[in-house]
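File shown: model07.pdb (PDB, C-alpha atoms).
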ATOM      1  CA  MET A   6     -12.635  13.125 -21.097
ATOM      2  CA  PRO A   7     -13.938   9.579 -21.774
ATOM      3  CA  LEU A   8     -15.641   7.567 -19.094
ATOM      4  CA  TYR A   9     -14.221   4.319 -17.770
ATOM      5  CA  PHE A  10     -15.082   1.061 -19.511
ATOM      6  CA  ALA A  11     -18.091   0.137 -17.382
ATOM      7  CA  ASP A  12     -21.844  -0.063 -17.760
ATOM      8  CA  SER A  13     -22.089   2.820 -15.287
ATOM      9  CA  SER A  14     -20.049   4.515 -12.599
ATOM     10  CA  GLU A  15     -22.198   2.669 -10.038
ATOM     11  CA  SER A  16     -21.451  -0.763 -11.529
ATOM     12  CA  LEU A  17     -17.706  -0.215 -11.879
ATOM     13  CA  VAL A  18     -16.707  -1.443  -8.410
ATOM     14  CA  PRO A  19     -19.126  -4.376  -7.884
ATOM     15  CA  ASP A  20     -18.497  -5.691 -11.390
ATOM     16  CA  ALA A  21     -14.742  -5.463 -10.837
ATOM     17  CA  HIS A  22     -14.990  -7.352  -7.547
ATOM     18  CA  ALA A  23     -17.064 -10.100  -9.124
ATOM     19  CA  GLY A  24     -14.662 -10.360 -12.031
ATOM     20  CA  PHE A  25     -11.634 -10.452  -9.730
ATOM     21  CA  ALA A  26     -13.203 -13.312  -7.784
ATOM     22  CA  THR A  27     -13.872 -15.288 -10.953
ATOM     23  CA  ALA A  28     -10.443 -14.625 -12.425
ATOM     24  CA  HIS A  29      -8.651 -15.757  -9.258
ATOM     25  CA  ALA A  30     -11.068 -18.349  -7.927
ATOM     26  CA  ALA A  31      -8.233 -20.795  -7.167
ATOM     27  CA  LEU A  32      -6.629 -18.296  -4.780
ATOM     28  CA  VAL A  33      -9.410 -16.246  -3.168
ATOM     29  CA  GLU A  34     -12.970 -16.613  -1.943
ATOM     30  CA  HIS A  35     -15.350 -13.708  -2.428
ATOM     31  CA  HIS A  36     -17.913 -13.008   0.284
ATOM     32  CA  PRO A  37     -20.006 -10.271  -1.348
ATOM     33  CA  GLY A  38     -22.658 -10.316   1.374
ATOM     34  CA  HIS A  39     -20.081  -9.293   3.958
ATOM     35  CA  GLY A  40     -17.836  -7.410   1.554
ATOM     36  CA  TYR A  41     -14.480  -9.127   1.771
ATOM     37  CA  PHE A  42     -12.071 -11.447  -0.009
ATOM     38  CA  ARG A  43     -10.467 -14.358   1.841
ATOM     39  CA  SER A  44      -7.476 -16.516   1.001
ATOM     40  CA  ARG A  45      -8.159 -20.147   0.145
ATOM     41  CA  VAL A  46      -4.712 -21.185   1.429
ATOM     42  CA  THR A  47      -2.920 -20.370   4.673
ATOM     43  CA  SER A  48       0.141 -21.679   6.439
ATOM     44  CA  PRO A  49      -0.667 -24.259   9.126
ATOM     45  CA  ALA A  50       1.882 -22.494  11.358
ATOM     46  CA  ARG A  51       0.040 -19.168  11.209
ATOM     47  CA  ARG A  52      -1.438 -18.177  14.583
ATOM     48  CA  VAL A  53      -2.598 -14.689  13.639
ATOM     49  CA  GLY A  54      -4.983 -13.708  10.854
ATOM     50  CA  MET A  55      -3.883 -10.703   8.805
ATOM     51  CA  VAL A  56      -6.510  -8.290   7.471
ATOM     52  CA  SER A  57      -6.181  -5.078   5.509
ATOM     53  CA  GLY A  58      -8.421  -2.971   3.328
ATOM     54  CA  GLY A  59      -9.183   0.413   1.904
ATOM     55  CA  GLY A  60     -10.933   2.165  -0.911
ATOM     56  CA  SER A  61     -11.288   0.692  -4.359
ATOM     57  CA  GLY A  62      -9.338   2.468  -7.072
ATOM     58  CA  HIS A  63      -5.929   1.437  -5.682
ATOM     59  CA  GLU A  64      -5.753  -1.917  -7.433
ATOM     60  CA  PRO A  65      -4.133  -4.340  -7.067
ATOM     61  CA  LEU A  66      -3.984  -3.180  -3.416
ATOM     62  CA  HIS A  67      -5.439  -4.774  -1.282
ATOM     63  CA  ALA A  68      -7.291  -7.766  -2.662
ATOM     64  CA  GLY A  69      -4.469  -8.567  -5.047
ATOM     65  CA  PHE A  70      -2.300  -9.494  -2.081
ATOM     66  CA  VAL A  71      -4.694 -11.924  -0.437
ATOM     67  CA  GLY A  72      -3.198 -15.392  -0.511
ATOM     68  CA  ALA A  73      -0.451 -17.668   0.722
ATOM     69  CA  GLY A  74       2.321 -15.731   2.444
ATOM     70  CA  MET A  75       0.498 -12.406   2.621
ATOM     71  CA  LEU A  76      -3.012 -11.350   3.687
ATOM     72  CA  ASP A  77      -5.708 -13.686   4.966
ATOM     73  CA  ALA A  78      -8.439 -11.222   4.015
ATOM     74  CA  ALA A  79      -8.981  -7.824   2.448
ATOM     75  CA  CYS A  80     -11.979  -5.485   2.646
ATOM     76  CA  PRO A  81     -12.526  -3.138  -0.316
ATOM     77  CA  GLY A  82     -14.564   0.025   0.110
ATOM     78  CA  ARG A  83     -16.092   2.222  -2.529
ATOM     79  CA  ILE A  84     -13.747   4.287  -4.670
ATOM     80  CA  PHE A  85     -11.300   6.081  -2.386
ATOM     81  CA  ALA A  86     -13.529   5.330   0.626
ATOM     82  CA  SER A  87     -12.876   3.241   3.717
ATOM     83  CA  PRO A  88     -14.559  -0.154   4.024
ATOM     84  CA  HIS A  89     -17.425  -0.258   6.515
ATOM     85  CA  ASN A  90     -16.598  -1.529   9.988
ATOM     86  CA  ARG A  91     -19.032  -4.403   9.421
ATOM     87  CA  GLN A  92     -16.926  -5.661   6.515
ATOM     88  CA  ILE A  93     -13.778  -5.513   8.604
ATOM     89  CA  PHE A  94     -15.421  -7.219  11.571
ATOM     90  CA  GLU A  95     -16.785 -10.095   9.506
ATOM     91  CA  ALA A  96     -13.511 -10.628   7.655
ATOM     92  CA  SER A  97     -11.507 -10.499  10.871
ATOM     93  CA  ARG A  98     -13.779 -12.915  12.672
ATOM     94  CA  ALA A  99     -13.564 -15.324   9.734
ATOM     95  CA  VAL A 100      -9.753 -15.458   9.619
ATOM     96  CA  ALA A 101      -8.743 -14.875  13.252
ATOM     97  CA  GLY A 102      -6.165 -17.383  14.453
ATOM     98  CA  ASP A 103      -5.469 -18.830  17.874
ATOM     99  CA  ASP A 104      -3.640 -15.624  18.788
ATOM    100  CA  GLY A 105      -6.137 -13.253  17.199
ATOM    101  CA  VAL A 106      -6.049 -10.937  14.215
ATOM    102  CA  LEU A 107      -3.791  -8.135  13.052
ATOM    103  CA  HIS A 108      -5.174  -5.132  11.173
ATOM    104  CA  LEU A 109      -2.853  -3.384   8.716
ATOM    105  CA  VAL A 110      -4.300   0.108   8.398
ATOM    106  CA  LYS A 111      -3.279   2.983   6.143
ATOM    107  CA  ASN A 112      -3.310   6.249   8.041
ATOM    108  CA  TYR A 113      -6.533   7.883   6.875
ATOM    109  CA  THR A 114      -9.301   9.091   9.161
ATOM    110  CA  GLY A 115     -12.006   6.816   7.738
ATOM    111  CA  ASP A 116      -9.803   3.734   7.846
ATOM    112  CA  ARG A 117      -8.744   4.433  11.409
ATOM    113  CA  ILE A 118     -12.326   4.913  12.546
ATOM    114  CA  ASN A 119     -13.763   1.835  10.843
ATOM    115  CA  PHE A 120     -10.929  -0.510  11.717
ATOM    116  CA  GLY A 121     -11.130   0.820  15.274
ATOM    117  CA  ILE A 122     -14.853   0.086  15.574
ATOM    118  CA  ALA A 123     -14.305  -3.404  14.162
ATOM    119  CA  ALA A 124     -11.516  -3.990  16.683
ATOM    120  CA  GLU A 125     -13.822  -3.022  19.549
ATOM    121  CA  ARG A 126     -16.452  -5.470  18.317
ATOM    122  CA  LEU A 127     -13.837  -8.217  18.086
ATOM    123  CA  HIS A 128     -12.676  -7.553  21.635
ATOM    124  CA  HIS A 129     -16.279  -7.858  22.830
ATOM    125  CA  GLU A 130     -16.346 -11.330  21.280
ATOM    126  CA  GLY A 131     -13.121 -12.321  22.998
ATOM    127  CA  ILE A 132     -10.965 -12.136  19.844
ATOM    128  CA  ARG A 133      -7.593 -10.443  20.278
ATOM    129  CA  CYS A 134      -7.025  -7.677  17.776
ATOM    130  CA  GLU A 135      -4.151  -5.256  17.318
ATOM    131  CA  ARG A 136      -3.262  -2.696  14.678
ATOM    132  CA  VAL A 137      -0.217  -1.620  12.696
ATOM    133  CA  LEU A 138      -0.749   1.919  11.391
ATOM    134  CA  ILE A 139       1.140   2.573   8.154
ATOM    135  CA  ASP A 140       2.128   6.229   7.729
ATOM    136  CA  ASP A 141       4.924   6.480   5.196
ATOM    137  CA  ASP A 142       4.018   9.518   3.060
ATOM    138  CA  LEU A 143       6.802  12.048   3.384
ATOM    139  CA  ALA A 144       4.759  14.821   1.761
ATOM    140  CA  THR A 145       2.434  14.946   4.781
ATOM    141  CA  ASP A 146       5.150  14.798   7.425
ATOM    142  CA  SER A 147       4.178  18.054   9.111
ATOM    143  CA  ASP A 148       3.098  19.141  12.575
ATOM    144  CA  GLU A 149       0.410  21.207  10.864
ATOM    145  CA  ILE A 150      -1.363  18.053   9.639
ATOM    146  CA  ALA A 151      -3.377  16.701  12.545
ATOM    147  CA  VAL A 152      -3.761  13.125  11.277
ATOM    148  CA  GLY A 153      -0.073  12.787  10.421
ATOM    149  CA  ARG A 154       1.545  11.130   7.446
ATOM    150  CA  ARG A 155      -0.693   9.297   4.973
ATOM    151  CA  GLY A 156      -0.344   5.566   4.358
ATOM    152  CA  THR A 157       0.762   4.805   0.802
ATOM    153  CA  GLY A 158       3.275   2.545  -0.972
ATOM    154  CA  ALA A 159       4.893   1.076   2.132
ATOM    155  CA  THR A 160       1.617  -0.746   2.788
ATOM    156  CA  LEU A 161       2.604  -3.397   0.258
ATOM    157  CA  ILE A 162       6.037  -3.851   1.815
ATOM    158  CA  VAL A 163       4.576  -4.221   5.305
ATOM    159  CA  GLU A 164       1.958  -6.708   4.085
ATOM    160  CA  LYS A 165       4.626  -8.872   2.447
ATOM    161  CA  ILE A 166       7.137  -8.921   5.285
ATOM    162  CA  LEU A 167       4.560  -9.381   8.043
ATOM    163  CA  GLY A 168       2.862 -12.108   6.024
ATOM    164  CA  ALA A 169       6.092 -14.083   5.918
ATOM    165  CA  ALA A 170       6.631 -13.511   9.639
ATOM    166  CA  ALA A 171       3.097 -14.722  10.387
ATOM    167  CA  ASP A 172       3.811 -17.880   8.380
ATOM    168  CA  GLU A 173       6.658 -18.610  10.794
ATOM    169  CA  GLY A 174       4.135 -18.817  13.614
ATOM    170  CA  ARG A 175       4.939 -15.514  15.294
ATOM    171  CA  GLY A 176       2.429 -14.253  17.825
ATOM    172  CA  LEU A 177       0.357 -11.101  17.691
ATOM    173  CA  ASP A 178       2.637  -9.002  19.874
ATOM    174  CA  GLU A 179       5.710 -10.010  17.864
ATOM    175  CA  LEU A 180       4.021  -9.086  14.601
ATOM    176  CA  VAL A 181       2.919  -5.707  15.952
ATOM    177  CA  ALA A 182       6.455  -4.910  17.093
ATOM    178  CA  LEU A 183       7.877  -5.853  13.709
ATOM    179  CA  GLY A 184       5.196  -3.887  11.860
ATOM    180  CA  VAL A 185       5.804  -0.763  13.928
ATOM    181  CA  ASP A 186       9.519  -1.035  13.223
ATOM    182  CA  LEU A 187       8.948  -1.477   9.487
ATOM    183  CA  THR A 188       6.727   1.587   9.279
ATOM    184  CA  ARG A 189       9.282   3.585  11.252
ATOM    185  CA  ARG A 190      11.896   2.923   8.592
ATOM    186  CA  SER A 191       9.715   3.322   5.488
ATOM    187  CA  ARG A 192       9.006   6.521   3.585
ATOM    188  CA  SER A 193       7.296   7.294   0.274
ATOM    189  CA  LEU A 194       6.935  10.265  -2.037
ATOM    190  CA  ALA A 195       4.703  10.648  -5.110
ATOM    191  CA  VAL A 196       4.550  13.025  -8.071
ATOM    192  CA  ALA A 197       1.960  13.426 -10.817
ATOM    193  CA  SER A 198       1.608  15.300 -14.087
ATOM    194  CA  ALA A 199      -2.174  14.790 -14.315
ATOM    195  CA  ALA A 200      -5.009  13.963 -11.934
ATOM    196  CA  HIS A 201      -7.130  10.847 -11.954
ATOM    197  CA  THR A 202     -10.457  10.816 -13.786
ATOM    198  CA  THR A 203     -13.503  10.970 -11.511
ATOM    199  CA  PRO A 204     -15.723   8.003 -12.501
ATOM    200  CA  ALA A 205     -19.026   9.749 -11.889
ATOM    201  CA  SER A 206     -18.239  12.755 -14.085
ATOM    202  CA  GLY A 207     -15.510  11.567 -16.421
ATOM    203  CA  THR A 208     -13.536  14.733 -15.690
ATOM    204  CA  PRO A 209     -10.131  15.225 -14.015
ATOM    205  CA  ALA A 210     -10.196  15.610 -10.242
ATOM    206  CA  PHE A 211      -8.088  18.738 -10.626
ATOM    207  CA  ASP A 212      -6.477  20.723 -13.425
ATOM    208  CA  LEU A 213      -2.733  20.959 -13.786
ATOM    209  CA  PRO A 214      -0.824  22.997 -16.374
ATOM    210  CA  GLU A 215       1.268  20.981 -18.785
ATOM    211  CA  ASP A 216       4.575  22.439 -17.597
ATOM    212  CA  VAL A 217       4.330  21.552 -13.873
ATOM    213  CA  LEU A 218       4.134  18.531 -11.594
ATOM    214  CA  GLU A 219       2.289  17.980  -8.333
ATOM    215  CA  PHE A 220       5.156  17.166  -5.950
ATOM    216  CA  GLY A 221       3.798  15.177  -3.009
ATOM    217  CA  VAL A 222       0.403  14.144  -4.390
ATOM    218  CA  GLY A 223      -1.769  11.674  -2.448
ATOM    219  CA  ILE A 224      -3.200   8.374  -3.672
ATOM    220  CA  HIS A 225      -6.761   9.721  -3.365
ATOM    221  CA  GLY A 226      -5.936  12.618  -5.621
ATOM    222  CA  GLU A 227      -5.085  14.971  -2.774
ATOM    223  CA  ARG A 228      -3.265  18.010  -4.119
ATOM    224  CA  ALA A 229       0.310  18.545  -3.070
ATOM    225  CA  ASP A 230       1.292  21.616  -1.110
ATOM    226  CA  LYS A 231       3.361  22.750  -4.075
ATOM    227  CA  THR A 232       3.938  22.273  -7.767
ATOM    228  CA  VAL A 233       7.349  22.149  -9.400
ATOM    229  CA  PRO A 234       8.394  22.799 -12.996
ATOM    230  CA  HIS A 235       8.938  19.792 -15.219
ATOM    231  CA  ALA A 236      12.589  18.786 -15.075
ATOM    232  CA  PRO A 237      14.665  15.956 -16.532
ATOM    233  CA  LEU A 238      13.749  12.623 -14.935
ATOM    234  CA  SER A 239      17.205  12.215 -13.433
ATOM    235  CA  LYS A 240      16.909  15.525 -11.578
ATOM    236  CA  LEU A 241      13.387  14.725 -10.333
ATOM    237  CA  VAL A 242      14.334  11.270  -9.048
ATOM    238  CA  GLU A 243      17.506  12.572  -7.434
ATOM    239  CA  THR A 244      15.489  15.183  -5.544
ATOM    240  CA  MET A 245      13.002  12.550  -4.388
ATOM    241  CA  THR A 246      15.808  10.172  -3.408
ATOM    242  CA  ASP A 247      17.578  12.796  -1.332
ATOM    243  CA  ARG A 248      14.407  13.627   0.566
ATOM    244  CA  LEU A 249      13.587   9.982   1.217
ATOM    245  CA  LEU A 250      17.085   9.043   2.362
ATOM    246  CA  ALA A 251      17.223  12.040   4.698
ATOM    247  CA  ALA A 252      14.045  10.814   6.409
ATOM    248  CA  LEU A 253      15.232   7.247   6.981
ATOM    249  CA  PRO A 254      17.260   5.821   9.877
ATOM    250  CA  HIS A 255      20.440   4.204   8.624
ATOM    251  CA  GLY A 256      23.964   3.182   9.554
ATOM    252  CA  PRO A 257      27.283   4.266   8.059
ATOM    253  CA  ARG A 258      26.328   2.794   4.660
ATOM    254  CA  PRO A 259      22.571   2.781   4.067
ATOM    255  CA  ARG A 260      20.824  -0.315   2.733
ATOM    256  CA  VAL A 261      17.365  -0.048   1.209
ATOM    257  CA  LEU A 262      14.543  -1.970  -0.408
ATOM    258  CA  ALA A 263      12.897   0.146  -3.094
ATOM    259  CA  LEU A 264       9.405   0.175  -4.594
ATOM    260  CA  VAL A 265       8.927   2.034  -7.880
ATOM    261  CA  ASN A 266       5.155   2.276  -8.150
ATOM    262  CA  GLY A 267       2.898   3.532 -10.903
ATOM    263  CA  LEU A 268      -0.190   5.493  -9.943
ATOM    264  CA  GLY A 269      -2.312   4.238 -12.822
ATOM    265  CA  SER A 270      -1.392   5.672 -16.213
ATOM    266  CA  VAL A 271       2.390   5.523 -16.247
ATOM    267  CA  THR A 272       3.637   2.762 -18.542
ATOM    268  CA  SER A 273       5.946  -0.089 -17.616
ATOM    269  CA  LEU A 274       8.450   1.358 -20.062
ATOM    270  CA  GLU A 275       8.587   4.558 -18.017
ATOM    271  CA  LEU A 276       8.610   2.787 -14.645
ATOM    272  CA  TYR A 277      11.664   0.731 -15.537
ATOM    273  CA  GLY A 278      13.378   3.886 -16.717
ATOM    274  CA  ILE A 279      12.573   5.440 -13.334
ATOM    275  CA  HIS A 280      14.005   2.355 -11.626
ATOM    276  CA  HIS A 281      17.227   2.741 -13.630
ATOM    277  CA  VAL A 282      17.588   6.377 -12.602
ATOM    278  CA  LEU A 283      16.800   5.537  -8.974
ATOM    279  CA  ALA A 284      19.428   2.789  -8.888
ATOM    280  CA  LYS A 285      22.045   5.198 -10.223
ATOM    281  CA  ALA A 286      21.022   7.869  -7.707
ATOM    282  CA  LEU A 287      21.334   5.411  -4.806
ATOM    283  CA  GLU A 288      24.724   4.204  -6.013
ATOM    284  CA  ALA A 289      25.970   7.779  -6.252
ATOM    285  CA  ARG A 290      24.900   8.277  -2.635
ATOM    286  CA  ASP A 291      26.752   5.156  -1.450
ATOM    287  CA  THR A 292      23.457   3.426  -0.667
ATOM    288  CA  VAL A 293      23.063  -0.315  -1.249
ATOM    289  CA  LEU A 294      19.951  -1.328  -3.200
ATOM    290  CA  ASP A 295      19.307  -4.711  -1.602
ATOM    291  CA  ARG A 296      15.981  -5.459  -3.287
ATOM    292  CA  SER A 297      13.529  -3.671  -5.560
ATOM    293  CA  LEU A 298      10.081  -4.047  -7.037
ATOM    294  CA  THR A 299       8.766  -2.122 -10.037
ATOM    295  CA  GLY A 300       5.215  -1.951 -11.355
ATOM    296  CA  THR A 301       1.743  -0.641 -10.583
ATOM    297  CA  PHE A 302       0.827  -1.942  -7.124
ATOM    298  CA  VAL A 303      -0.816   0.986  -5.294
ATOM    299  CA  SER A 304      -2.655   2.950  -7.949
ATOM    300  CA  ALA A 305      -4.869   6.017  -7.848
ATOM    301  CA  LEU A 306      -7.298   5.062 -10.605
ATOM    302  CA  ASP A 307      -5.720   6.484 -13.779
ATOM    303  CA  MET A 308      -3.531   9.184 -12.236
ATOM    304  CA  ARG A 309      -0.511   9.967 -14.360
ATOM    305  CA  GLY A 310       2.241   9.767 -11.784
ATOM    306  CA  PHE A 311       4.512   7.520  -9.779
ATOM    307  CA  SER A 312       5.730   7.029  -6.242
ATOM    308  CA  LEU A 313       9.011   5.916  -4.739
ATOM    309  CA  THR A 314       9.148   4.016  -1.450
ATOM    310  CA  LEU A 315      12.329   3.185   0.434
ATOM    311  CA  LEU A 316      12.642   0.829   3.392
ATOM    312  CA  ALA A 317      15.840   0.962   5.453
ATOM    313  CA  THR A 318      16.430  -2.749   5.426
ATOM    314  CA  ASP A 319      18.333  -5.425   7.337
ATOM    315  CA  ASP A 320      19.005  -9.138   6.962
ATOM    316  CA  GLU A 321      15.775 -10.200   8.686
ATOM    317  CA  ALA A 322      13.590  -7.965   6.530
ATOM    318  CA  LEU A 323      15.287  -9.271   3.397
ATOM    319  CA  ARG A 324      14.825 -12.887   4.439
ATOM    320  CA  LEU A 325      11.125 -12.308   5.026
ATOM    321  CA  TRP A 326      10.774 -10.334   1.796
ATOM    322  CA  ASP A 327      12.311 -13.259  -0.110
ATOM    323  CA  ALA A 328       9.943 -15.816   1.433
ATOM    324  CA  PRO A 329       7.527 -17.370  -1.079
ATOM    325  CA  ALA A 330       4.063 -15.924  -1.603
ATOM    326  CA  ARG A 331       1.264 -16.714  -4.028
ATOM    327  CA  THR A 332      -1.454 -14.146  -4.486
ATOM    328  CA  PRO A 333      -3.258 -12.729  -7.538
ATOM    329  CA  ALA A 334      -0.865  -9.772  -7.857
ATOM    330  CA  TRP A 335       2.390 -10.755  -6.153
ATOM    331  CA  PRO A 336       4.970 -10.978  -8.959
ATOM    332  CA  LEU A 337       7.891 -12.804  -7.352
TER     333      LEU A 337
END
Write the structure described by the file as structure tokens, please.
Amino acid sequence: MPLYFADSSESLVPDAHAGFATAHAALVEHHPGHGYFRSRVTSPARRVGMVSGGGSGHEPLHAGFVGAGMLDAACPGRIFASPHNRQIFEASRAVAGDDGVLHLVKNYTGDRINFGIAAERLHHEGIRCERVLIDDDLATDSDEIAVGRRGTGATLIVEKILGAAADEGRGLDELVALGVDLTRRSRSLAVASAAHTTPASGTPAFDLPEDVLEFGVGIHGERADKTVPHAPLSKLVETMTDRLLAALPHGPRPRVLALVNGLGSVTSLELYGIHHVLAKALEARDTVLDRSLTGTFVSALDMRGFSLTLLATDDEALRLWDAPARTPAWPL
């Protein structure tokens, strides 16, 4: 298995961060000493700074969504590793507004610990800080999993909608309430036909026979609790759609916002085919597809797979989703 295009596995992340900063210098500031990216533009009405972060290897999440209408700062860790609490503290202190700072945290143990320590440090300095915990992964929705559902594709949706709400001048408590509600009505599910390549070794993180899929794989390469035989795409997407819709709150006729997300090695050609099948599956289930987004937004290095995320939507969420944003990776 070939290695990544990099001078070394150790240089892959720092070189990528430096290159990202140069490529998008009009939109973001890079603070390598403290380990975060900061937006160069923010709404004058914004009272709360918005900070997220997580391991590298999920690009364009999170740094790709730093900018006008979305995040004020993002803290990248090493590959698939939480950022250090010092990074989060420094970024949060730099962008905190008059009403404090909001942390958008994917539900992983390391992220929870490090964002929590940073929040305690901020409180000691008199800076208000609250957290929205994003836990949308349906595959880990089990009482047997102590940490609960993982945070995956819905992170992007929450960042976009809360960013627009923050631009309206909403306070910290209002943003937390909205974020909690959004996570409550978001669920994701991912499948993969091949694992990501481990940068240090150049070998797959796990082996998978050619005739099966990991059904419920995680964005850090976590194995699913089961494999399923390869099936026609329409059957696979219908199964995923049924599981996602069953987990969402909805009225007599469901309305959803959908994210079709590549995990690294799936082509745009395939992703748009998946979107087509998903749209047909939703229509057959009398579900309104209000909005959708297709592309690679929350990757897992070069994993060959995709995820589907559905948000049970309403008019307010759609209005905020449609609000303008300008970041390195936001496509609309």
For segment 208-222 of chain A, work out the shell of residues within 9 Å, counting only C-alpha atoms and skipping chain neighbours fewer than 4 positions away, then give it as a count of residues only.
-> 31
Using the chain letters and residue numbers of this document, give as a list of chain:residue names the residues selected by the PyMOL selection byres ((chain A and resi 261-268) around 6).
->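 Written out, the selection comes to A:Arg260, A:Gly269, A:Val271, A:Leu294, A:Asp295, A:Arg296, A:Ser297, A:Leu298, A:Thr299, A:Gly300, A:Thr301, A:Ser304, A:Ala305, A:Met308, A:Gly310, A:Phe311, A:Ser312, A:Leu313, A:Thr314, A:Leu315, A:Leu316, A:Ala317, A:Thr318.
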List the residues selected by the PyMOL selection byres ((chain A and resi 81) around 6) in the file shown, writing them as a PyMOL selection string.
-> chain A and resi 58-61+80+82+88
Same residues, C-alpha atoms, saved as an mmCIF file, in the coordinates of the input:
data_model
loop_
_atom_site.group_PDB
_atom_site.id
_atom_site.type_symbol
_atom_site.label_atom_id
_atom_site.label_comp_id
_atom_site.auth_asym_id
_atom_site.auth_seq_id
_atom_site.Cartn_x
_atom_site.Cartn_y
_atom_site.Cartn_z
ATOM 1 C CA GLY A 58 -8.421 -2.971 3.328
ATOM 2 C CA GLY A 59 -9.183 0.413 1.904
ATOM 3 C CA GLY A 60 -10.933 2.165 -0.911
ATOM 4 C CA SER A 61 -11.288 0.692 -4.359
ATOM 5 C CA CYS A 80 -11.979 -5.485 2.646
ATOM 6 C CA GLY A 82 -14.564 0.025 0.110
ATOM 7 C CA PRO A 88 -14.559 -0.154 4.024
#
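Between atom CA of Gly174 of chain A and atom CA of Val53 of chain A the interatomic distance comes to 7.9 Å.
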Taking all atoms listed in the file into account, which of A:His39, A:Glu64, A:Ala11, A:Leu283 comes nearest Lys240 of chain A?
->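 Closest to Lys240 of chain A, using all atoms listed in the file: A:Leu283.
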Work out how far atom CA of Leu287 of chain A is from atom CA of Gly69 of chain A, in Å to one decimal.
->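 Pair atom CA of Gly69 of chain A / atom CA of Leu287 of chain A returns 29.3 Å.
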Measuring atom to atom with all atoms listed in the file, identify which of A:Leu253, A:Phe120, A:Arg192, A:Pro333 is nearest to Arg45 of chain A.
->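 Using all atoms listed in the file, Arg45 of chain A sits closest to A:Pro333.
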Atom pair atom CA of Asp319 of chain A / atom CA of Ile279 of chain A: separation (Å) |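 Between atom CA of Asp319 of chain A and atom CA of Ile279 of chain A the gap works out to 24.1 Å.
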So which residues touch segment 109-116 of chain A within 9 Å, counting all atoms listed in the file, skipping near sequence neighbours fewer than 3 positions away, as number ranges by chain?
-> A: 55-60, 86-90, 119-121, 135-141, 152-157, 160, 163-164, 184
On this structure, which residues satisfy the PyMOL selection byres ((chain A and resi 328) around 12), written as a PyMOL selection string?
-> chain A and resi 73-75+165-173+321-327+329-331+335+337
